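Colleague: Pasting a structure here, questions to come.
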Amino acid sequence: MKIMGCCFSCKDDDDAQGGETSERQQLLRDPVSNSTPVVRVPNSDSRSSVTAGPDGQPVRGQEDELQRILQETASAMIDVSGSGSHSLDQREFQERSRHYLQKIQTLSPTLLRGHNLLLCDVPIPEKHLNVPLLSEDDLDLMAWATDEIQEALHSIRVEHCEDLVVPFGCTQTAALQSSPSP
Amino acid sequence: MAAELQKGLHQILQKVDGLYGIILSDRDGVTILKAHVDPPPSSPSSPGSPFPESILRVNFLATFSTATEQASKLGMGRNEKIISIYQKFQIIQFNKLPVVVTLIAKKDANTGFLLTTIEELLGPLVIAVRKDVSAYYNSHLLNAGES
């Protein structure tokens, strides 16, 4: 079987990635497929031709685009060689210290008061939490007492010796007379 | 009310076990507000000193802003905190640029507690200080541009 050829097209990655930059994103627009009209600006450098966008406004040229890419690459580079070279002179150091001190004076001291979420009704919880622990004897006494109470609760029995329904202080005849006739 | 704020920082130092110092500084290492226990002697090798005095200086504090900016370029997003653990103590620094928060604690202090609770405690203060420092940097750059 002979294969004549194959062709395929990739969907635009911007839609899939939500517009995020990736290694496959084109840095420069394809000049061949550029459908925007070219507007020649008089007395301008031929290297940086200005193209008009869909709304008629001038778009940054190729030179500016390359410059932008260069700046972005330089800012993304990791460079620790110049880390120790920056130092403040004494005058600026003192000026800044004085400025910060003035600003600090205007801040409210309530900025450092944290919100008490636990034990908020206890004014000084650390004082109560720092007291010595209970002794073993007290713990044993508490355990014994609770066991006794539980056993006593389980042993409660009701013994009924009389009728369950009891008329309150009146005879049966009086109760029938007072009841409404049907 | 700088004295009140410093008193508040000292109270935090007393409450947290093993915490030796709290320093708020700007990106160039200039101290804005600080509190530490028992002023360390000038010699870093003197016995009994909890931490070397050099940690409080501009040279040390200024290194964090460079470190955190470079660390943010490693492809894992913005660097938020850096923990440096040494033989006898540890240093935790928070990236709240233009403000840097530095905590100095003993080596076996509760790092997790320092990372979360102390950051929450200092949150309102850091936000208030950031506004002033940002305004200072903006006006400083403006004046530098004009000159």
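Labeling convention for the structure tokens: chains A, B, ... as they appear, residues from 1 per chain, ligands from 1 in order of appearance.
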Using only C-alpha atoms, find each residue of chain A with at least one atom at most 10 Å away from an atom of chain B; report its shortest atom-to-atom pair and that distance in Å (one decimal), sort the rows by chain and rising residue number, and return the result as a Markdown table.

Modeller:
| residue | atom | partner | partner_atom | distance |
| --- | --- | --- | --- | --- |
| A:Ser75 | CA | B:Lys73 | CA | 8.7 |
| A:Ala76 | CA | B:Lys73 | CA | 6.0 |
| A:Met77 | CA | B:Lys73 | CA | 7.2 |
| A:Ile78 | CA | B:Gln70 | CA | 5.6 |
| A:Asp79 | CA | B:Gln70 | CA | 7.1 |
| A:Val80 | CA | B:Gln70 | CA | 7.4 |
| A:Gly82 | CA | B:Thr66 | CA | 9.3 |
| A:Ser83 | CA | B:Thr66 | CA | 6.3 |
| A:Gly84 | CA | B:Thr63 | CA | 7.6 |
| A:His86 | CA | B:Asp28 | CA | 8.3 |
| A:Ser87 | CA | B:Asp28 | CA | 7.8 |
| A:Leu88 | CA | B:Asp28 | CA | 7.7 |
| A:Glu92 | CA | B:Val30 | CA | 9.9 |
| A:Phe93 | CA | B:Val30 | CA | 6.8 |
| A:Gln94 | CA | B:Val30 | CA | 9.0 |
| A:Arg96 | CA | B:Val30 | CA | 7.3 |
| A:Ser97 | CA | B:Val30 | CA | 6.7 |
| A:Arg98 | CA | B:Ile32 | CA | 9.4 |
| A:His99 | CA | B:Tyr136 | CA | 8.5 |
| A:Tyr100 | CA | B:Ile32 | CA | 5.7 |
| A:Leu101 | CA | B:Ile32 | CA | 6.9 |
| A:Gln102 | CA | B:Ala2 | CA | 8.8 |
| A:Lys103 | CA | B:Asp132 | CA | 7.0 |
| A:Ile104 | CA | B:Ala2 | CA | 5.6 |
| A:Gln105 | CA | B:Met1 | CA | 4.4 |
| A:Thr106 | CA | B:Met1 | CA | 6.3 |
| A:Leu107 | CA | B:Met1 | CA | 6.3 |
| A:Ser108 | CA | B:Met1 | CA | 6.6 |
| A:Pro109 | CA | B:Leu5 | CA | 5.3 |
| A:Thr110 | CA | B:Leu5 | CA | 8.3 |
| A:Leu111 | CA | B:Leu125 | CA | 5.3 |
| A:Leu112 | CA | B:Gly8 | CA | 6.2 |
| A:Arg113 | CA | B:Leu121 | CA | 7.7 |
| A:Gly114 | CA | B:Leu121 | CA | 5.8 |
| A:His115 | CA | B:Leu121 | CA | 8.6 |
| A:Glu126 | CA | B:Lys15 | CA | 9.2 |

Colleague: Please, could you write that set of residues out with N, CA, C and O atoms as a short mmCIF file (atom, residue, chain, number, x, y, z; two decimals), in the first residue's frame?

Modeller:
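Saved the output as part11.cif:
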data_model
loop_
_atom_site.label_atom_id
_atom_site.label_comp_id
_atom_site.auth_asym_id
_atom_site.auth_seq_id
_atom_site.Cartn_x
_atom_site.Cartn_y
_atom_site.Cartn_z
N SER A 75 14.74 39.44 32.36
CA SER A 75 14.14 39.47 33.70
C SER A 75 13.89 38.07 34.22
O SER A 75 13.86 37.84 35.41
N ALA A 76 13.71 37.12 33.32
CA ALA A 76 13.45 35.75 33.76
C ALA A 76 14.74 34.97 34.04
O ALA A 76 14.70 33.87 34.58
N MET A 77 15.87 35.56 33.68
CA MET A 77 17.14 34.86 33.91
C MET A 77 17.50 34.90 35.38
O MET A 77 17.30 35.90 36.05
N ILE A 78 18.08 33.81 35.88
CA ILE A 78 18.51 33.75 37.27
C ILE A 78 19.96 34.21 37.32
O ILE A 78 20.83 33.61 36.70
N ASP A 79 20.22 35.27 38.06
CA ASP A 79 21.58 35.82 38.12
C ASP A 79 21.86 36.25 39.55
O ASP A 79 21.29 37.20 40.05
N VAL A 80 22.74 35.53 40.21
CA VAL A 80 23.08 35.87 41.59
C VAL A 80 24.46 36.52 41.68
O VAL A 80 24.95 36.77 42.77
N GLY A 82 25.44 39.51 40.90
CA GLY A 82 25.44 40.89 41.37
C GLY A 82 24.69 41.08 42.66
O GLY A 82 24.26 42.17 42.99
N SER A 83 24.53 40.03 43.45
CA SER A 83 23.69 40.12 44.64
C SER A 83 24.34 40.95 45.72
O SER A 83 23.68 41.62 46.49
N GLY A 84 25.65 40.97 45.83
CA GLY A 84 26.27 41.69 46.93
C GLY A 84 26.72 43.08 46.59
O GLY A 84 27.39 43.75 47.38
N HIS A 86 24.86 45.80 45.81
CA HIS A 86 24.03 46.94 46.20
C HIS A 86 24.23 47.26 47.67
O HIS A 86 24.06 46.40 48.52
N SER A 87 24.59 48.48 47.96
CA SER A 87 24.75 48.87 49.37
C SER A 87 24.32 50.32 49.50
O SER A 87 24.55 51.14 48.62
N LEU A 88 23.69 50.60 50.63
CA LEU A 88 23.21 51.95 50.88
C LEU A 88 24.31 52.77 51.52
O LEU A 88 25.07 52.27 52.35
N GLU A 92 21.73 57.90 53.24
CA GLU A 92 20.42 57.37 52.85
C GLU A 92 19.88 56.41 53.90
O GLU A 92 18.67 56.38 54.16
N PHE A 93 20.77 55.64 54.49
CA PHE A 93 20.35 54.69 55.53
C PHE A 93 19.71 55.45 56.70
O PHE A 93 18.65 55.07 57.19
N GLN A 94 20.37 56.53 57.12
CA GLN A 94 19.82 57.29 58.25
C GLN A 94 18.52 57.99 57.88
O GLN A 94 17.59 58.07 58.70
N ARG A 96 16.31 56.98 55.70
CA ARG A 96 15.23 55.98 55.66
C ARG A 96 14.82 55.56 57.07
O ARG A 96 13.64 55.41 57.36
N SER A 97 15.81 55.36 57.92
CA SER A 97 15.49 54.94 59.30
C SER A 97 14.62 55.99 59.97
O SER A 97 13.64 55.66 60.65
N ARG A 98 14.99 57.25 59.75
CA ARG A 98 14.23 58.34 60.37
C ARG A 98 12.81 58.38 59.82
O ARG A 98 11.84 58.55 60.55
N HIS A 99 12.70 58.17 58.50
CA HIS A 99 11.39 58.20 57.87
C HIS A 99 10.51 57.07 58.41
O HIS A 99 9.33 57.28 58.72
N TYR A 100 11.08 55.87 58.50
CA TYR A 100 10.30 54.73 58.98
C TYR A 100 9.88 54.93 60.44
O TYR A 100 8.77 54.58 60.83
N LEU A 101 10.77 55.51 61.22
CA LEU A 101 10.43 55.75 62.62
C LEU A 101 9.25 56.72 62.74
O LEU A 101 8.35 56.52 63.55
N GLN A 102 9.26 57.73 61.90
CA GLN A 102 8.13 58.68 61.91
C GLN A 102 6.83 57.99 61.52
O GLN A 102 5.78 58.22 62.12
N LYS A 103 6.91 57.12 60.53
CA LYS A 103 5.70 56.44 60.08
C LYS A 103 5.19 55.46 61.14
O LYS A 103 3.99 55.31 61.34
N ILE A 104 6.11 54.79 61.80
CA ILE A 104 5.72 53.83 62.83
C ILE A 104 5.00 54.53 63.97
O ILE A 104 4.08 53.98 64.58
N GLN A 105 5.40 55.75 64.26
CA GLN A 105 4.78 56.49 65.35
C GLN A 105 3.29 56.73 65.11
O GLN A 105 2.51 56.89 66.04
N THR A 106 2.91 56.74 63.83
CA THR A 106 1.51 57.04 63.50
C THR A 106 0.65 55.79 63.50
O THR A 106 -0.57 55.90 63.38
N LEU A 107 1.26 54.60 63.63
CA LEU A 107 0.47 53.38 63.57
C LEU A 107 -0.20 53.11 64.91
O LEU A 107 0.33 53.47 65.96
N SER A 108 -1.32 52.42 64.84
CA SER A 108 -2.05 52.12 66.07
C SER A 108 -1.47 50.87 66.73
O SER A 108 -1.12 49.90 66.05
N PRO A 109 -1.36 50.86 68.06
CA PRO A 109 -0.84 49.67 68.74
C PRO A 109 -1.80 48.48 68.71
O PRO A 109 -1.41 47.37 69.02
N THR A 110 -3.06 48.70 68.28
CA THR A 110 -4.02 47.59 68.23
C THR A 110 -3.74 46.65 67.06
O THR A 110 -4.37 45.62 66.93
N LEU A 111 -2.79 47.01 66.21
CA LEU A 111 -2.47 46.16 65.06
C LEU A 111 -1.92 44.81 65.49
O LEU A 111 -2.01 43.84 64.74
N LEU A 112 -1.32 44.77 66.69
CA LEU A 112 -0.71 43.53 67.12
C LEU A 112 -1.57 42.74 68.08
O LEU A 112 -1.15 41.71 68.57
N ARG A 113 -2.77 43.21 68.32
CA ARG A 113 -3.63 42.47 69.24
C ARG A 113 -4.36 41.42 68.44
O ARG A 113 -5.22 41.71 67.65
N GLY A 114 -4.00 40.19 68.69
CA GLY A 114 -4.61 39.09 67.94
C GLY A 114 -6.01 38.80 68.43
O GLY A 114 -6.41 39.18 69.53
N HIS A 115 -6.77 38.13 67.61
CA HIS A 115 -8.14 37.77 67.97
C HIS A 115 -8.13 36.51 68.81
O HIS A 115 -7.58 35.50 68.39
N GLU A 126 -3.44 31.72 79.86
CA GLU A 126 -2.14 31.10 80.16
C GLU A 126 -1.99 30.86 81.66
O GLU A 126 -1.38 29.88 82.09
#

Colleague: Quick check, in Å to one decimal: how far apart do atom CA of Asn95 of chain B and atom CA of Asp38 of chain B lie?

Modeller: 26.3 Å

Colleague: Would you please extract all helix (DSSP H, G or I) residues from segment 12-107 of chain B, as assigned by DSSP on the backbone, and give them as a PyMOL selection string?

Modeller: chain B and resi 12-15+53-56+58-71

Colleague: Produce a file of the selected residues containing N, CA and C atoms, as an mmCIF file, in the first residue's frame.

Modeller:
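Saved as part.cif:
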data_model
loop_
_atom_site.group_PDB
_atom_site.id
_atom_site.type_symbol
_atom_site.label_atom_id
_atom_site.label_comp_id
_atom_site.auth_asym_id
_atom_site.auth_seq_id
_atom_site.Cartn_x
_atom_site.Cartn_y
_atom_site.Cartn_z
ATOM 1 N N ILE B 12 4.883 38.925 72.124
ATOM 2 C CA ILE B 12 4.860 37.750 71.248
ATOM 3 C C ILE B 12 6.109 36.906 71.504
ATOM 4 N N LEU B 13 7.255 37.552 71.679
ATOM 5 C CA LEU B 13 8.490 36.811 71.942
ATOM 6 C C LEU B 13 8.373 36.014 73.238
ATOM 7 N N GLN B 14 7.734 36.604 74.240
ATOM 8 C CA GLN B 14 7.618 35.910 75.520
ATOM 9 C C GLN B 14 6.646 34.742 75.438
ATOM 10 N N LYS B 15 5.620 34.895 74.604
ATOM 11 C CA LYS B 15 4.605 33.847 74.541
ATOM 12 C C LYS B 15 5.086 32.637 73.749
ATOM 13 N N GLU B 53 25.042 38.735 66.251
ATOM 14 C CA GLU B 53 24.505 40.073 66.090
ATOM 15 C C GLU B 53 24.471 40.481 64.622
ATOM 16 N N SER B 54 25.232 39.798 63.776
ATOM 17 C CA SER B 54 25.289 40.150 62.359
ATOM 18 C C SER B 54 23.947 39.951 61.661
ATOM 19 N N ILE B 55 23.090 39.140 62.251
ATOM 20 C CA ILE B 55 21.775 38.909 61.646
ATOM 21 C C ILE B 55 20.939 40.189 61.660
ATOM 22 N N LEU B 56 21.214 41.060 62.610
ATOM 23 C CA LEU B 56 20.416 42.273 62.723
ATOM 24 C C LEU B 56 20.898 43.370 61.770
ATOM 25 N N VAL B 58 22.204 45.365 58.187
ATOM 26 C CA VAL B 58 21.644 45.611 56.855
ATOM 27 C C VAL B 58 22.154 44.583 55.853
ATOM 28 N N ASN B 59 23.429 44.223 55.959
ATOM 29 C CA ASN B 59 24.038 43.318 54.966
ATOM 30 C C ASN B 59 23.308 41.993 54.906
ATOM 31 N N PHE B 60 22.949 41.482 56.065
ATOM 32 C CA PHE B 60 22.265 40.181 56.080
ATOM 33 C C PHE B 60 20.822 40.321 55.631
ATOM 34 N N LEU B 61 20.143 41.318 56.162
ATOM 35 C CA LEU B 61 18.726 41.459 55.870
ATOM 36 C C LEU B 61 18.483 41.766 54.397
ATOM 37 N N ALA B 62 19.427 42.432 53.749
ATOM 38 C CA ALA B 62 19.252 42.799 52.341
ATOM 39 C C ALA B 62 19.386 41.601 51.410
ATOM 40 N N THR B 63 20.001 40.526 51.875
ATOM 41 C CA THR B 63 20.207 39.383 50.976
ATOM 42 C C THR B 63 18.904 38.679 50.645
ATOM 43 N N PHE B 64 17.920 38.812 51.513
ATOM 44 C CA PHE B 64 16.686 38.052 51.284
ATOM 45 C C PHE B 64 15.951 38.527 50.039
ATOM 46 N N SER B 65 15.915 39.848 49.827
ATOM 47 C CA SER B 65 15.127 40.344 48.696
ATOM 48 C C SER B 65 15.701 39.806 47.386
ATOM 49 N N THR B 66 17.028 39.743 47.290
ATOM 50 C CA THR B 66 17.644 39.167 46.091
ATOM 51 C C THR B 66 17.338 37.684 45.993
ATOM 52 N N ALA B 67 17.469 36.989 47.114
ATOM 53 C CA ALA B 67 17.241 35.543 47.106
ATOM 54 C C ALA B 67 15.811 35.209 46.716
ATOM 55 N N THR B 68 14.857 35.939 47.258
ATOM 56 C CA THR B 68 13.464 35.605 46.960
ATOM 57 C C THR B 68 13.098 35.961 45.524
ATOM 58 N N GLU B 69 13.695 37.032 44.999
ATOM 59 C CA GLU B 69 13.416 37.381 43.604
ATOM 60 C C GLU B 69 13.984 36.335 42.657
ATOM 61 N N GLN B 70 15.175 35.869 42.941
ATOM 62 C CA GLN B 70 15.765 34.835 42.080
ATOM 63 C C GLN B 70 15.025 33.512 42.249
ATOM 64 N N ALA B 71 14.624 33.212 43.471
ATOM 65 C CA ALA B 71 13.901 31.961 43.705
ATOM 66 C C ALA B 71 12.553 31.960 42.993
#

Colleague: To one decimal place, how far is atom CA of Ala109 of chain B from atom CA of Cys120 of chain A in Å?

Modeller: 26.0 Å

Colleague: What are the DSSP strand (DSSP E or B) residues of segment 8-74 of chain B, as a list in words?

Modeller: Leu19, Tyr20, Gly21, Ile22, Ile23, Leu24, Ser25, Asp26, Thr31, Ile32, Leu33, Lys34, Ala35 and His36 of chain B

Colleague: Would you mind exporting the chosen residues as an mmCIF file, in the first residue's frame, restricted to all heavy atoms?

Modeller:
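Saved as out.cif:
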data_model
loop_
_atom_site.group_PDB
_atom_site.id
_atom_site.type_symbol
_atom_site.label_atom_id
_atom_site.label_comp_id
_atom_site.auth_asym_id
_atom_site.auth_seq_id
_atom_site.Cartn_x
_atom_site.Cartn_y
_atom_site.Cartn_z
ATOM 1 N N LEU B 19 11.428 31.615 70.379
ATOM 2 C CA LEU B 19 11.521 32.725 69.422
ATOM 3 C C LEU B 19 12.421 33.796 70.010
ATOM 4 O O LEU B 19 12.164 34.295 71.100
ATOM 5 C CB LEU B 19 10.126 33.284 69.139
ATOM 6 C CG LEU B 19 10.019 34.379 68.072
ATOM 7 C CD1 LEU B 19 10.532 33.891 66.736
ATOM 8 C CD2 LEU B 19 8.578 34.848 67.948
ATOM 9 N N TYR B 20 13.481 34.141 69.273
ATOM 10 C CA TYR B 20 14.457 35.090 69.787
ATOM 11 C C TYR B 20 14.251 36.502 69.272
ATOM 12 O O TYR B 20 14.572 37.469 69.958
ATOM 13 C CB TYR B 20 15.882 34.650 69.413
ATOM 14 C CG TYR B 20 16.346 33.379 70.065
ATOM 15 C CD1 TYR B 20 17.208 32.507 69.411
ATOM 16 C CD2 TYR B 20 15.945 33.041 71.348
ATOM 17 C CE1 TYR B 20 17.650 31.345 70.009
ATOM 18 C CE2 TYR B 20 16.379 31.872 71.952
ATOM 19 C CZ TYR B 20 17.232 31.030 71.273
ATOM 20 O OH TYR B 20 17.670 29.869 71.865
ATOM 21 N N GLY B 21 13.778 36.635 68.038
ATOM 22 C CA GLY B 21 13.683 37.985 67.496
ATOM 23 C C GLY B 21 12.705 38.094 66.343
ATOM 24 O O GLY B 21 12.462 37.114 65.623
ATOM 25 N N ILE B 22 12.128 39.262 66.192
ATOM 26 C CA ILE B 22 11.241 39.587 65.072
ATOM 27 C C ILE B 22 11.738 40.904 64.493
ATOM 28 O O ILE B 22 11.909 41.885 65.221
ATOM 29 C CB ILE B 22 9.772 39.767 65.527
ATOM 30 C CG1 ILE B 22 9.268 38.491 66.198
ATOM 31 C CG2 ILE B 22 8.895 40.126 64.345
ATOM 32 C CD1 ILE B 22 7.905 38.659 66.832
ATOM 33 N N ILE B 23 11.969 40.898 63.167
ATOM 34 C CA ILE B 23 12.487 42.112 62.520
ATOM 35 C C ILE B 23 11.643 42.391 61.286
ATOM 36 O O ILE B 23 11.427 41.495 60.462
ATOM 37 C CB ILE B 23 13.957 41.934 62.089
ATOM 38 C CG1 ILE B 23 14.823 41.536 63.285
ATOM 39 C CG2 ILE B 23 14.494 43.213 61.459
ATOM 40 C CD1 ILE B 23 16.160 40.984 62.896
ATOM 41 N N LEU B 24 11.193 43.628 61.170
ATOM 42 C CA LEU B 24 10.543 44.083 59.942
ATOM 43 C C LEU B 24 11.516 45.039 59.264
ATOM 44 O O LEU B 24 11.956 46.018 59.874
ATOM 45 C CB LEU B 24 9.230 44.817 60.243
ATOM 46 C CG LEU B 24 7.966 43.971 60.347
ATOM 47 C CD1 LEU B 24 7.962 43.108 61.585
ATOM 48 C CD2 LEU B 24 6.748 44.855 60.327
ATOM 49 N N SER B 25 11.838 44.758 57.996
ATOM 50 C CA SER B 25 12.787 45.602 57.277
ATOM 51 C C SER B 25 12.289 45.797 55.853
ATOM 52 O O SER B 25 11.357 45.120 55.411
ATOM 53 C CB SER B 25 14.176 44.955 57.265
ATOM 54 O OG SER B 25 14.123 43.688 56.651
ATOM 55 N N ASP B 26 12.934 46.728 55.135
ATOM 56 C CA ASP B 26 12.555 46.923 53.744
ATOM 57 C C ASP B 26 13.465 46.070 52.859
ATOM 58 O O ASP B 26 14.316 45.327 53.340
ATOM 59 C CB ASP B 26 12.604 48.400 53.362
ATOM 60 C CG ASP B 26 14.006 48.977 53.372
ATOM 61 O OD1 ASP B 26 14.972 48.238 53.683
ATOM 62 O OD2 ASP B 26 14.168 50.171 53.072
ATOM 63 N N THR B 31 16.052 48.514 58.828
ATOM 64 C CA THR B 31 15.103 48.033 59.823
ATOM 65 C C THR B 31 13.979 49.036 60.014
ATOM 66 O O THR B 31 14.207 50.230 60.191
ATOM 67 C CB THR B 31 15.820 47.816 61.160
ATOM 68 O OG1 THR B 31 16.891 46.884 60.948
ATOM 69 C CG2 THR B 31 14.877 47.244 62.198
ATOM 70 N N ILE B 32 12.755 48.518 60.004
ATOM 71 C CA ILE B 32 11.583 49.358 60.250
ATOM 72 C C ILE B 32 11.165 49.232 61.708
ATOM 73 O O ILE B 32 10.896 50.208 62.398
ATOM 74 C CB ILE B 32 10.416 48.942 59.329
ATOM 75 C CG1 ILE B 32 10.837 49.054 57.858
ATOM 76 C CG2 ILE B 32 9.176 49.761 59.598
ATOM 77 C CD1 ILE B 32 9.881 48.415 56.887
ATOM 78 N N LEU B 33 11.083 47.989 62.171
ATOM 79 C CA LEU B 33 10.677 47.727 63.552
ATOM 80 C C LEU B 33 11.300 46.400 63.953
ATOM 81 O O LEU B 33 11.330 45.475 63.147
ATOM 82 C CB LEU B 33 9.152 47.637 63.642
ATOM 83 C CG LEU B 33 8.520 47.581 65.033
ATOM 84 C CD1 LEU B 33 8.780 48.868 65.792
ATOM 85 C CD2 LEU B 33 7.026 47.352 64.923
ATOM 86 N N LYS B 34 11.798 46.304 65.175
ATOM 87 C CA LYS B 34 12.396 45.038 65.582
ATOM 88 C C LYS B 34 12.268 44.852 67.082
ATOM 89 O O LYS B 34 12.126 45.812 67.841
ATOM 90 C CB LYS B 34 13.859 44.961 65.162
ATOM 91 C CG LYS B 34 14.781 45.870 65.936
ATOM 92 C CD LYS B 34 16.223 45.675 65.509
ATOM 93 C CE LYS B 34 17.097 46.681 66.255
ATOM 94 N NZ LYS B 34 18.483 46.630 65.807
ATOM 95 N N ALA B 35 12.320 43.591 67.478
ATOM 96 C CA ALA B 35 12.339 43.239 68.892
ATOM 97 C C ALA B 35 13.088 41.921 69.004
ATOM 98 O O ALA B 35 12.852 41.004 68.229
ATOM 99 C CB ALA B 35 10.914 43.088 69.428
ATOM 100 N N HIS B 36 14.000 41.853 69.965
ATOM 101 C CA HIS B 36 14.739 40.607 70.165
ATOM 102 C C HIS B 36 15.075 40.473 71.637
ATOM 103 O O HIS B 36 15.133 41.457 72.379
ATOM 104 C CB HIS B 36 15.999 40.559 69.284
ATOM 105 C CG HIS B 36 16.891 41.746 69.414
ATOM 106 N ND1 HIS B 36 17.809 41.887 70.433
ATOM 107 C CD2 HIS B 36 17.006 42.853 68.667
ATOM 108 C CE1 HIS B 36 18.451 43.031 70.305
ATOM 109 N NE2 HIS B 36 17.981 43.654 69.233
#
